[in-house]
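Okay, target-v2.cif now, which holds mmCIF, C-alpha atoms and all ligand atoms:
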```cif
data_work
loop_
_atom_site.group_PDB
_atom_site.id
_atom_site.type_symbol
_atom_site.label_atom_id
_atom_site.label_comp_id
_atom_site.auth_asym_id
_atom_site.auth_seq_id
_atom_site.Cartn_x
_atom_site.Cartn_y
_atom_site.Cartn_z
ATOM 1 C CA MET A 189 0.000 0.000 0.000
ATOM 2 C CA ARG A 190 1.343 3.413 -0.937
ATOM 3 C CA LEU A 191 -0.129 6.446 0.764
ATOM 4 C CA LEU A 192 0.654 10.054 1.257
ATOM 5 C CA LEU A 193 -0.452 12.372 3.990
ATOM 6 C CA ILE A 194 -1.072 16.046 3.290
ATOM 7 C CA GLY A 195 -1.921 18.521 6.017
ATOM 8 C CA PRO A 196 -0.898 21.778 7.611
ATOM 9 C CA PRO A 197 1.819 21.915 10.256
ATOM 10 C CA GLY A 198 0.453 20.426 13.460
ATOM 11 C CA SER A 199 -2.461 18.621 11.822
ATOM 12 C CA GLY A 200 -1.086 15.320 13.094
ATOM 13 C CA LYS A 201 0.678 13.962 10.036
ATOM 14 C CA GLY A 202 3.547 12.476 12.029
ATOM 15 C CA THR A 203 1.309 11.242 14.825
ATOM 16 C CA GLN A 204 -1.066 9.484 12.459
ATOM 17 C CA ALA A 205 1.578 8.246 10.025
ATOM 18 C CA VAL A 206 3.288 6.244 12.770
ATOM 19 C CA ARG A 207 -0.005 4.578 13.649
ATOM 20 C CA ILE A 208 -1.053 3.909 10.062
ATOM 21 C CA ALA A 209 2.369 2.469 9.255
ATOM 22 C CA GLN A 210 2.121 0.164 12.259
ATOM 23 C CA HIS A 211 -1.410 -0.904 11.410
ATOM 24 C CA TYR A 212 -0.688 -1.830 7.791
ATOM 25 C CA GLY A 213 2.905 -2.974 8.229
ATOM 26 C CA ILE A 214 4.261 -0.304 5.907
ATOM 27 C CA GLU A 215 7.087 2.218 6.266
ATOM 28 C CA HIS A 216 6.656 5.724 7.596
ATOM 29 C CA ILE A 217 8.744 8.157 5.573
ATOM 30 C CA SER A 218 8.805 11.770 6.762
ATOM 31 C CA SER A 219 10.531 14.379 4.626
ATOM 32 C CA GLY A 220 10.801 16.701 7.630
ATOM 33 C CA ASP A 221 12.401 14.003 9.818
ATOM 34 C CA LEU A 222 14.884 13.114 7.076
ATOM 35 C CA LEU A 223 15.812 16.768 6.609
ATOM 36 C CA ARG A 224 16.205 17.349 10.345
ATOM 37 C CA HIS A 225 18.406 14.262 10.502
ATOM 38 C CA HIS A 226 20.696 15.803 7.887
ATOM 39 C CA VAL A 227 20.793 19.039 9.864
ATOM 40 C CA ALA A 228 21.617 17.185 13.080
ATOM 41 C CA GLU A 229 24.361 15.211 11.334
ATOM 42 C CA GLY A 230 25.824 18.348 9.761
ATOM 43 C CA THR A 231 25.844 16.879 6.259
ATOM 44 C CA THR A 232 26.169 19.038 3.172
ATOM 45 C CA ILE A 233 22.443 18.783 2.668
ATOM 46 C CA GLY A 234 21.867 19.603 6.307
ATOM 47 C CA ARG A 235 23.976 22.749 6.098
ATOM 48 C CA THR A 236 22.127 23.776 2.927
ATOM 49 C CA VAL A 237 18.640 23.353 4.334
ATOM 50 C CA ALA A 238 19.071 24.399 7.965
ATOM 51 C CA ALA A 239 18.185 28.033 7.355
ATOM 52 C CA CYS A 240 15.119 27.117 5.267
ATOM 53 C CA ILE A 241 13.756 24.918 8.020
ATOM 54 C CA HIS A 242 14.586 27.445 10.700
ATOM 55 C CA ARG A 243 12.607 30.117 8.839
ATOM 56 C CA GLY A 244 9.745 27.787 7.961
ATOM 57 C CA ASP A 245 10.337 28.013 4.228
ATOM 58 C CA LEU A 246 10.242 25.058 1.872
ATOM 59 C CA VAL A 247 13.489 23.332 1.015
ATOM 60 C CA PRO A 248 14.322 23.216 -2.715
ATOM 61 C CA ASP A 249 12.498 20.443 -4.550
ATOM 62 C CA GLY A 250 15.602 18.688 -5.875
ATOM 63 C CA ILE A 251 16.979 18.162 -2.399
ATOM 64 C CA VAL A 252 13.719 16.751 -1.126
ATOM 65 C CA MET A 253 13.434 14.431 -4.110
ATOM 66 C CA ASP A 254 16.984 13.239 -3.534
ATOM 67 C CA ILE A 255 16.558 12.331 0.096
ATOM 68 C CA LEU A 256 13.253 10.545 -0.530
ATOM 69 C CA ARG A 257 14.216 8.476 -3.553
ATOM 70 C CA LYS A 258 16.015 5.613 -1.816
ATOM 71 C CA PRO A 259 13.639 5.249 1.137
ATOM 72 C CA VAL A 260 10.630 5.272 -1.186
ATOM 73 C CA GLU A 261 12.091 2.653 -3.496
ATOM 74 C CA ALA A 262 13.162 0.464 -0.582
ATOM 75 C CA ALA A 263 9.784 0.777 1.120
ATOM 76 C CA THR A 264 7.999 -0.111 -2.103
ATOM 77 C CA ARG A 265 9.966 -3.360 -2.228
ATOM 78 C CA ARG A 266 9.064 -4.068 1.403
ATOM 79 C CA GLY A 267 5.330 -3.644 0.985
ATOM 80 C CA GLY A 268 4.587 0.055 0.883
ATOM 81 C CA TYR A 269 4.882 3.356 2.598
ATOM 82 C CA ILE A 270 3.094 6.318 4.050
ATOM 83 C CA LEU A 271 4.746 9.568 3.003
ATOM 84 C CA ASP A 272 4.394 12.311 5.605
ATOM 85 C CA GLY A 273 5.050 15.877 4.497
ATOM 86 C CA PHE A 274 5.635 15.240 0.824
ATOM 87 C CA PRO A 275 4.594 16.655 -1.538
ATOM 88 C CA ARG A 276 4.122 20.240 -0.422
ATOM 89 C CA THR A 277 3.421 21.731 -3.833
ATOM 90 C CA VAL A 278 1.929 20.706 -7.155
ATOM 91 C CA ALA A 279 5.415 20.923 -8.652
ATOM 92 C CA GLN A 280 6.654 18.306 -6.179
ATOM 93 C CA ALA A 281 3.589 16.155 -6.807
ATOM 94 C CA GLN A 282 4.107 16.287 -10.562
ATOM 95 C CA ALA A 283 7.779 15.472 -10.198
ATOM 96 C CA ALA A 284 7.049 12.489 -7.996
ATOM 97 C CA TYR A 285 4.345 11.294 -10.345
ATOM 98 C CA ARG A 286 6.584 11.341 -13.381
ATOM 99 C CA VAL A 287 9.338 9.449 -11.633
ATOM 100 C CA ALA A 288 7.385 7.086 -9.433
ATOM 101 C CA GLY A 289 4.726 6.078 -11.954
ATOM 102 C CA PRO A 290 6.973 4.143 -14.353
ATOM 103 C CA LEU A 291 8.895 2.610 -11.432
ATOM 104 C CA GLY A 292 5.677 1.382 -9.865
ATOM 105 C CA THR A 293 6.444 3.280 -6.699
ATOM 106 C CA GLY A 294 3.714 5.928 -6.971
ATOM 107 C CA VAL A 295 1.032 6.602 -4.438
ATOM 108 C CA ARG A 296 -2.455 5.146 -4.743
ATOM 109 C CA ILE A 297 -4.270 6.998 -1.977
ATOM 110 C CA ALA A 298 -3.827 10.518 -0.618
ATOM 111 C CA VAL A 299 -5.112 11.543 2.793
ATOM 112 C CA TYR A 300 -5.757 15.195 3.597
ATOM 113 C CA LEU A 301 -5.772 15.933 7.311
ATOM 114 C CA THR A 302 -7.462 19.209 8.216
ATOM 115 C CA ALA A 303 -7.518 21.389 11.346
ATOM 116 C CA GLY A 304 -8.175 25.039 12.123
ATOM 117 C CA ARG A 305 -5.383 27.556 12.433
ATOM 118 C CA ARG A 306 -5.964 28.338 16.093
ATOM 119 C CA GLN A 307 -5.852 24.657 17.026
ATOM 120 C CA LEU A 308 -2.689 24.160 14.991
ATOM 121 C CA MET A 309 -0.959 27.101 16.620
ATOM 122 C CA THR A 310 -1.916 25.851 20.093
ATOM 123 C CA ARG A 311 -0.606 22.349 19.405
ATOM 124 C CA LEU A 312 2.675 23.490 17.923
ATOM 125 C CA LEU A 313 3.402 26.037 20.627
ATOM 126 C CA ALA A 314 2.795 23.312 23.192
ATOM 127 C CA ARG A 315 5.100 20.942 21.346
ATOM 128 C CA GLY A 316 7.718 23.645 20.866
ATOM 129 C CA ALA A 317 7.916 24.187 24.597
ATOM 130 C CA GLN A 318 9.137 20.601 24.946
ATOM 131 C CA SER A 319 10.563 19.396 21.657
ATOM 132 C CA GLY A 320 13.256 21.890 20.914
ATOM 133 C CA ARG A 321 12.191 22.104 17.282
ATOM 134 C CA THR A 322 13.560 25.452 16.205
ATOM 135 C CA ASP A 323 10.611 26.076 13.885
ATOM 136 C CA ASP A 324 8.037 25.757 16.680
ATOM 137 C CA THR A 325 7.984 29.436 17.631
ATOM 138 C CA GLU A 326 4.907 31.608 17.136
ATOM 139 C CA GLN A 327 6.400 33.635 14.295
ATOM 140 C CA VAL A 328 7.781 30.647 12.402
ATOM 141 C CA ILE A 329 4.645 28.550 12.951
ATOM 142 C CA SER A 330 2.593 31.387 11.530
ATOM 143 C CA HIS A 331 4.835 31.511 8.472
ATOM 144 C CA ARG A 332 4.721 27.722 8.031
ATOM 145 C CA LEU A 333 0.919 27.870 8.116
ATOM 146 C CA ASP A 334 0.953 30.630 5.479
ATOM 147 C CA VAL A 335 3.303 28.587 3.294
ATOM 148 C CA PHE A 336 0.984 25.598 3.572
ATOM 149 C CA ASP A 337 -2.147 27.650 2.862
ATOM 150 C CA ALA A 338 -0.597 29.126 -0.277
ATOM 151 C CA ALA A 339 -0.033 25.674 -1.784
ATOM 152 C CA ALA A 340 -2.822 23.628 -0.249
ATOM 153 C CA LYS A 341 -5.766 24.088 -2.581
ATOM 154 C CA PRO A 342 -3.974 23.318 -5.855
ATOM 155 C CA LEU A 343 -2.234 20.381 -4.187
ATOM 156 C CA VAL A 344 -5.439 18.896 -2.855
ATOM 157 C CA ASP A 345 -7.121 19.482 -6.225
ATOM 158 C CA TYR A 346 -4.230 17.711 -7.909
ATOM 159 C CA TYR A 347 -4.752 14.560 -5.859
ATOM 160 C CA HIS A 348 -8.505 14.806 -6.030
ATOM 161 C CA HIS A 349 -8.225 14.442 -9.790
ATOM 162 C CA ARG A 350 -5.494 11.805 -9.911
ATOM 163 C CA GLU A 351 -5.803 9.515 -6.916
ATOM 164 C CA THR A 352 -8.295 8.430 -4.364
ATOM 165 C CA LEU A 353 -8.426 11.364 -1.960
ATOM 166 C CA ILE A 354 -9.657 10.995 1.601
ATOM 167 C CA THR A 355 -10.264 14.135 3.652
ATOM 168 C CA ILE A 356 -10.305 13.704 7.428
ATOM 169 C CA ASP A 357 -11.049 16.132 10.239
ATOM 170 C CA GLY A 358 -7.821 16.141 12.225
ATOM 171 C CA GLU A 359 -9.223 18.230 15.079
ATOM 172 C CA ARG A 360 -10.822 15.282 16.785
ATOM 173 C CA PRO A 361 -9.012 13.175 19.394
ATOM 174 C CA ILE A 362 -6.016 11.280 18.094
ATOM 175 C CA ASP A 363 -7.563 7.807 18.413
ATOM 176 C CA ASP A 364 -10.748 8.906 16.628
ATOM 177 C CA VAL A 365 -8.714 10.307 13.760
ATOM 178 C CA THR A 366 -6.754 7.050 13.462
ATOM 179 C CA ARG A 367 -9.881 4.899 13.468
ATOM 180 C CA THR A 368 -11.613 7.074 10.894
ATOM 181 C CA MET A 369 -8.543 7.037 8.700
ATOM 182 C CA ILE A 370 -8.273 3.245 8.817
ATOM 183 C CA ASP A 371 -11.992 2.835 8.067
ATOM 184 C CA HIS A 372 -11.710 5.056 5.015
ATOM 185 C CA LEU A 373 -8.439 3.537 3.874
ATOM 186 C CA ASP A 374 -9.902 0.033 4.075
ATOM 187 C CA GLN A 375 -12.904 1.188 2.087
ATOM 188 C CA ALA A 376 -10.713 2.853 -0.533
ATOM 189 C CA ARG A 377 -8.459 -0.210 -0.730
ATOM 190 C CA ARG A 378 -11.426 -2.452 -1.410
ATOM 191 C CA GLN A 379 -12.684 -0.089 -4.077
ATOM 192 C CA LEU A 380 -9.254 0.020 -5.696
ATOM 193 C CA GLY A 381 -8.990 -3.747 -5.552
ATOM 194 C CA LEU A 382 -5.804 -3.620 -3.508
ATOM 195 C CA PRO A 383 -4.828 -6.847 -1.718
ATOM 196 C CA GLU A 384 -5.381 -7.262 1.962
ATOM 197 C CA HIS A 385 -2.460 -5.971 3.947
ATOM 198 C CA PRO A 386 0.296 -8.539 4.392
ATOM 199 C CA THR A 387 0.624 -8.293 8.155
ATOM 200 C CA PRO A 388 -2.195 -8.695 10.637
ATOM 201 C CA PRO A 389 -3.609 -5.367 11.814
ATOM 202 C CA GLN A 390 -1.914 -4.068 14.915
ATOM 203 C CA PRO A 391 -4.107 -2.993 17.801
ATOM 204 C CA ILE A 392 -4.456 0.746 18.124
ATOM 205 C CA VAL A 393 -2.942 1.902 21.375
ATOM 206 C CA GLU A 394 -5.255 4.299 23.103
ATOM 207 C CA HIS A 395 -3.712 7.715 23.451
ATOM 208 C CA PRO A 396 -3.828 8.624 27.130
ATOM 209 C CA ARG A 397 -4.446 12.301 26.408
ATOM 210 C CA ASP A 398 -7.565 11.421 24.475
ATOM 211 C CA ALA A 399 -9.207 9.770 27.397
ATOM 212 C CA CYS A 400 -10.373 13.091 28.761
ATOM 213 C CA ARG A 401 -10.657 15.052 25.558
ATOM 214 C CA CYS A 402 -14.162 15.522 24.231
ATOM 215 C CA SER A 403 -14.703 17.203 20.915
ATOM 216 C CA PRO A 404 -18.069 18.726 20.111
ATOM 217 C CA ARG A 405 -17.326 18.347 16.419
ATOM 218 C CA GLN A 406 -18.742 15.446 14.481
ATOM 219 C CA PRO A 407 -16.440 13.363 12.360
ATOM 220 C CA SER A 408 -16.155 14.934 8.962
ATOM 221 C CA THR A 409 -14.708 12.702 6.335
ATOM 222 C CA ARG A 410 -14.966 12.550 2.616
ATOM 223 C CA THR A 411 -13.681 10.047 0.180
ATOM 224 C CA GLY A 412 -12.977 11.569 -3.157
ATOM 225 C CA ARG A 413 -12.998 9.562 -6.353
ATOM 226 C CA ALA A 414 -13.174 6.318 -4.512
ATOM 227 C CA GLY A 415 -12.839 3.549 -7.001
ATOM 228 C CA ALA A 416 -10.974 5.695 -9.467
ATOM 229 C CA THR A 417 -7.967 4.205 -11.160
ATOM 230 C CA PRO A 418 -4.934 6.445 -10.846
ATOM 231 C CA VAL A 419 -3.933 7.998 -14.123
ATOM 232 C CA PRO A 420 -0.623 6.629 -15.410
ATOM 233 C CA ALA A 421 2.266 9.010 -15.076
ATOM 234 C CA THR A 422 2.521 9.365 -18.809
ATOM 235 C CA HIS A 423 -0.814 11.193 -18.815
ATOM 236 C CA ASP A 424 0.666 14.011 -16.855
ATOM 237 C CA LYS A 425 1.549 16.646 -19.389
ATOM 238 C CA ALA A 426 3.070 19.214 -17.085
ATOM 239 C CA PRO A 427 6.404 20.560 -18.342
ATOM 240 C CA ARG A 428 9.532 19.078 -16.882
ATOM 241 C CA SER A 429 11.691 21.197 -14.651
ATOM 242 C CA PRO A 430 15.392 20.711 -13.954
ATOM 243 C CA HIS A 431 14.468 19.287 -10.561
ATOM 244 C CA ASP A 432 11.563 17.087 -11.462
ATOM 245 C CA GLY A 433 13.070 13.689 -10.896
ATOM 246 C CA TRP A 434 14.346 11.450 -8.138
ATOM 247 C CA THR A 435 17.541 11.314 -10.124
ATOM 248 C CA HIS A 436 19.809 13.837 -8.456
ATOM 249 C CA THR A 437 22.524 12.348 -6.338
ATOM 250 C CA ALA A 438 22.597 13.677 -2.855
ATOM 251 C CA ALA A 439 25.969 12.049 -2.282
ATOM 252 C CA HIS A 440 27.490 14.709 -4.476
ATOM 253 C CA GLY A 441 26.157 17.271 -2.093
ATOM 254 C CA GLY A 442 25.498 19.047 -5.312
ATOM 255 C CA HIS A 443 22.600 21.401 -5.328
ATOM 256 C CA ALA A 444 24.598 24.519 -5.848
ATOM 257 C CA ASP A 445 22.481 25.198 -8.913
ATOM 258 C CA GLU A 446 19.346 25.448 -6.848
ATOM 259 C CA PRO A 447 18.229 28.708 -5.369
ATOM 260 C CA PRO A 448 18.235 28.760 -1.582
ATOM 261 C CA CYS A 449 14.743 28.623 -0.107
HETATM 262 P P1 LIG A 501 7.703 18.802 8.734
HETATM 263 O O1 LIG A 501 8.564 18.142 9.712
HETATM 264 O O2 LIG A 501 6.961 18.007 7.779
HETATM 265 O O3 LIG A 501 6.766 19.766 9.575
HETATM 266 P P2 LIG A 501 5.278 20.327 9.332
HETATM 267 O O4 LIG A 501 4.655 19.998 8.042
HETATM 268 O O5 LIG A 501 5.368 21.763 9.679
HETATM 269 O O6 LIG A 501 4.416 19.515 10.334
HETATM 270 P P3 LIG A 501 4.741 19.118 11.825
HETATM 271 O O7 LIG A 501 5.713 17.988 11.816
HETATM 272 O O8 LIG A 501 5.061 20.300 12.648
HETATM 273 O O9 LIG A 501 3.284 18.653 12.274
HETATM 274 P P4 LIG A 501 2.524 17.290 11.970
HETATM 275 O O10 LIG A 501 1.422 17.533 11.015
HETATM 276 O O11 LIG A 501 3.478 16.184 11.682
HETATM 277 O O12 LIG A 501 1.858 17.079 13.375
HETATM 278 P P5 LIG A 501 2.336 16.165 14.603
HETATM 279 O O13 LIG A 501 1.832 14.799 14.426
HETATM 280 O O14 LIG A 501 3.783 16.367 14.830
HETATM 281 O O15 LIG A 501 8.559 19.867 7.906
HETATM 282 C C1 LIG A 501 9.437 20.742 8.586
HETATM 283 C C2 LIG A 501 10.172 21.608 7.567
HETATM 284 O O16 LIG A 501 10.954 20.760 6.687
HETATM 285 C C3 LIG A 501 9.286 22.425 6.614
HETATM 286 O O17 LIG A 501 8.902 23.660 7.181
HETATM 287 C C4 LIG A 501 10.245 22.623 5.433
HETATM 288 O O18 LIG A 501 11.215 23.589 5.727
HETATM 289 C C5 LIG A 501 10.938 21.271 5.360
HETATM 290 N N1 LIG A 501 10.217 20.310 4.519
HETATM 291 C C6 LIG A 501 9.650 19.146 4.913
HETATM 292 N N2 LIG A 501 9.097 18.521 3.886
HETATM 293 C C7 LIG A 501 9.331 19.291 2.792
HETATM 294 C C8 LIG A 501 8.979 19.179 1.433
HETATM 295 N N3 LIG A 501 8.289 18.130 0.958
HETATM 296 N N4 LIG A 501 9.372 20.173 0.588
HETATM 297 C C9 LIG A 501 10.083 21.229 1.028
HETATM 298 N N5 LIG A 501 10.424 21.405 2.321
HETATM 299 C C10 LIG A 501 10.058 20.440 3.195
HETATM 300 O O19 LIG A 501 1.490 16.848 15.766
HETATM 301 C C11 LIG A 501 1.834 18.115 16.251
HETATM 302 C C12 LIG A 501 1.478 18.187 17.754
HETATM 303 O O20 LIG A 501 0.073 18.079 17.883
HETATM 304 C C13 LIG A 501 2.088 17.050 18.576
HETATM 305 O O21 LIG A 501 2.445 17.535 19.830
HETATM 306 C C14 LIG A 501 0.953 16.034 18.664
HETATM 307 O O22 LIG A 501 1.031 15.254 19.831
HETATM 308 C C15 LIG A 501 -0.258 16.938 18.667
HETATM 309 N N6 LIG A 501 -1.420 16.320 18.044
HETATM 310 C C16 LIG A 501 -1.447 15.620 16.890
HETATM 311 N N7 LIG A 501 -2.700 15.233 16.595
HETATM 312 C C17 LIG A 501 -3.486 15.705 17.605
HETATM 313 C C18 LIG A 501 -4.891 15.624 17.858
HETATM 314 N N8 LIG A 501 -5.736 14.980 17.036
HETATM 315 N N9 LIG A 501 -5.356 16.232 18.960
HETATM 316 C C19 LIG A 501 -4.501 16.887 19.816
HETATM 317 N N10 LIG A 501 -3.167 16.986 19.625
HETATM 318 C C20 LIG A 501 -2.665 16.394 18.514
HETATM 319 MG MG MG A 502 5.568 16.058 11.328
#
```
Rewrite the structure of this file - the entire thing - as C-alpha cells.
Amino acid sequence: MRLLLIGPPGSGKGTQAVRIAQHYGIEHISSGDLLRHHVAEGTTIGRTVAACIHRGDLVPDGIVMDILRKPVEAATRRGGYILDGFPRTVAQAQAAYRVAGPLGTGVRIAVYLTAGRRQLMTRLLARGAQSGRTDDTEQVISHRLDVFDAAAKPLVDYYHHRETLITIDGERPIDDVTRTMIDHLDQARRQLGLPEHPTPPQPIVEHPRDACRCSPRQPSTRTGRAGATPVPATHDKAPRSPHDGWTHTAAHGGHADEPPC
C-alpha cells in the first residue's frame, strides 16, 4: 500500500503516520524528519537546508526528491509506505508522479488531514515548549501555516483528480482520527482492488491524552474519487523542470544550482 499524507503543520501527520504504518505494516517516511536528521548530522544537505527549516520556508524540490528516492524505493519493495510531508506543492507532486509512476512506486491513496489555524498554533506552541524544534515558535509557525495555505488548494485538487483522496477532520481526538482514517483507507483499498495488507492489523494503542478530551465536532470525512484508477504518469503533461526527478545524487552534495529557499 502506498499512501501520502497532506496537512498543515500540526495537523497530526507524524502522529497518524506512525499509527497507520504500524497498522498496515508499511514504512513511515517523513521528509521533515529526514531533513532534520541531515541538519543534526551536519551533512552538506543539512547545512544547505538548515536556514530554510529554521525560517519555515520550503526546502528546494531537488533536495527533497533526492533524500526521498532511496527510502521510497526500498519501502515499495518491502510492501509500501506512508509519506508524511511530501509533496508540499503541485510541482513536487508532478515530479514524484513522473518518476514514481513508471517505477511502480507511486502513491495510490492521498489523505488530507485538516484542522483550524488556532488549534494548529496551540498544538505546535505546546510541542515547541518541549521538543526543541527550532521552527516551533509563534512567528515561524505562523509563516509555516501561510506557506501551507498558499499551496494547499492546488495540491489537494491535484490529488482529487489523480488519486483516491480521503479528507479527514484532524481536530478530533487522536484515536478517533486514526480509526476514521483506517476505516476510510480500508474502504478505498477495497474499491481500488488492492490486496489485503500482508501483516495482521496491529491494535491501536489508546492515546492517554484522548481519554479526557471531548470534541463537540462530528467526524467529517470525505472520500474523493473512490474507485478511481490512478492515471498513469505518462498522462501528466506538465512541463519538466530541472528538478523534477528522483535522479539527483545527494551524495554529491550538489545542489549549488538550486536557489536557496
Ligand atoms: P515537517 O517536519 O513536515 O513539519 P510540518 O509539516 O510543519 O508539520 P509538523 O511535523 O510540525 O506537524 P505534523 O502535522 O506532523 O503534526 P504532529 O503529528 O507532529 O517539515 C518541517 C520543515 O521541513 C518544513 O517547514 C520545510 O522547511 C521542510 N520540509 C519538509 N518537507 C518538505 C517538502 N516536501 N518540501 C520542502 N520542504 C520540506 O502533531 C503536532 C502536535 O500536535 C504534537 O504535539 C501532537 O502530539 C499533537 N497532536 C497531533 N494530533 C493531535 C490531535 N488529534 N489532537 C490533539 N493533539 C494532537
Ligand atoms: Mg511532522
Edge lengths and centre in Å to one decimal, as lines of an AutoDock Vina configuration file, is what I'm after for the box along x, y and z that holds all listed atoms of ligand LIG 501 (chain A) once 8 Å is added on each side.
```
center_x = 2.7
center_y = 19.2
center_z = 10.2
size_x = 33.0
size_y = 24.9
size_z = 35.2
```
### Query
At what distance in Å, to one decimal, does CA of Asp272 in chain A lie from CA of Pro383 in chain A?
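CA of Asp272 in chain A lies 22.5 Å from CA of Pro383 in chain A.
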### Task
Find the residues near ligand MG 502 (chain A). Use a cut-off of 10 Å, count all atoms listed in the file, and write them as a list in words.
Gly195, Pro196, Pro197, Gly198, Ser199, Gly200, Lys201, Gly202, Thr203, Gln204, Ala205, Ser218, Ser219, Gly220, Asp221, Asp272 and Gly273 of chain A
### Close residues, Leu256 in chain A itself excluded, 8 Å, only C-alpha atoms, min 4 positions apart in chain, as a PyMOL selection string
chain A and resi 217+219+252+260+434
### Query
Distance CA of Ala263 in chain A-CA of Leu222 in chain A, one decimal place?
14.6 Å
Determine the residue membership of the PyMOL selection byres (((chain A and resi 267) around 8) and not hetatm) for the file above and supply it as a compact mmCIF listing (two decimals) with C-alpha atoms, in the frame of the given file.
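Dumped everything to part19.txt:
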```txt
# COMPACT_ATOMS: atom_id res chain seq x y z
CA MET A 189 0.00 0.00 0.00
CA GLY A 213 2.90 -2.97 8.23
CA ILE A 214 4.26 -0.30 5.91
CA ALA A 263 9.78 0.78 1.12
CA THR A 264 8.00 -0.11 -2.10
CA ARG A 265 9.97 -3.36 -2.23
CA ARG A 266 9.06 -4.07 1.40
CA GLY A 268 4.59 0.06 0.88
CA TYR A 269 4.88 3.36 2.60
CA PRO A 386 0.30 -8.54 4.39
```
### Task
Apply the PyMOL selection byres (((chain A and resi 333) around 12) and not hetatm) to the displayed file and report the matching residues as a VMD selection string.
chain A and resid 195 to 199 243 to 246 276 303 to 309 312 323 to 332 334 to 340
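Residues in contact with Ala238 in chain A at up to 10 Å, not including ones fewer than 6 positions away on its chain and judged by all atoms listed in the file, are A:Leu223, A:Arg224, A:His226, A:Val227, A:Ala228, A:Gly230, A:Gly244, A:Val247, A:Thr322.
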#### Entry: Minimum-distance residue to ligand LIG 501 (chain A), chosen among A:Cys240, A:Ile297, A:Val206, A:Ile233 (using only C-alpha atoms and all ligand atoms)
A:Cys240
### Query
Out of A:Val365, A:Ile194, A:Ile208, A:Ile356, which residue has the shortest atom-to-atom distance to Phe274 in chain A when counting all atoms listed in the file?
A:Ile194
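As for CA of Lys341 in chain A and CA of Arg378 in chain A, they are spaced 27.2 Å apart.
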### Message
Applying 9 Å and all atoms listed in the file, which residues near Leu343 in chain A remain after dropping the ones on its own chain fewer than 4 positions away? List them as a list in words.
### Response
Ile194, Pro275, Arg276, Thr277, Val278, Ala279, Ala281, Ala339, Tyr347 and His348 of chain A
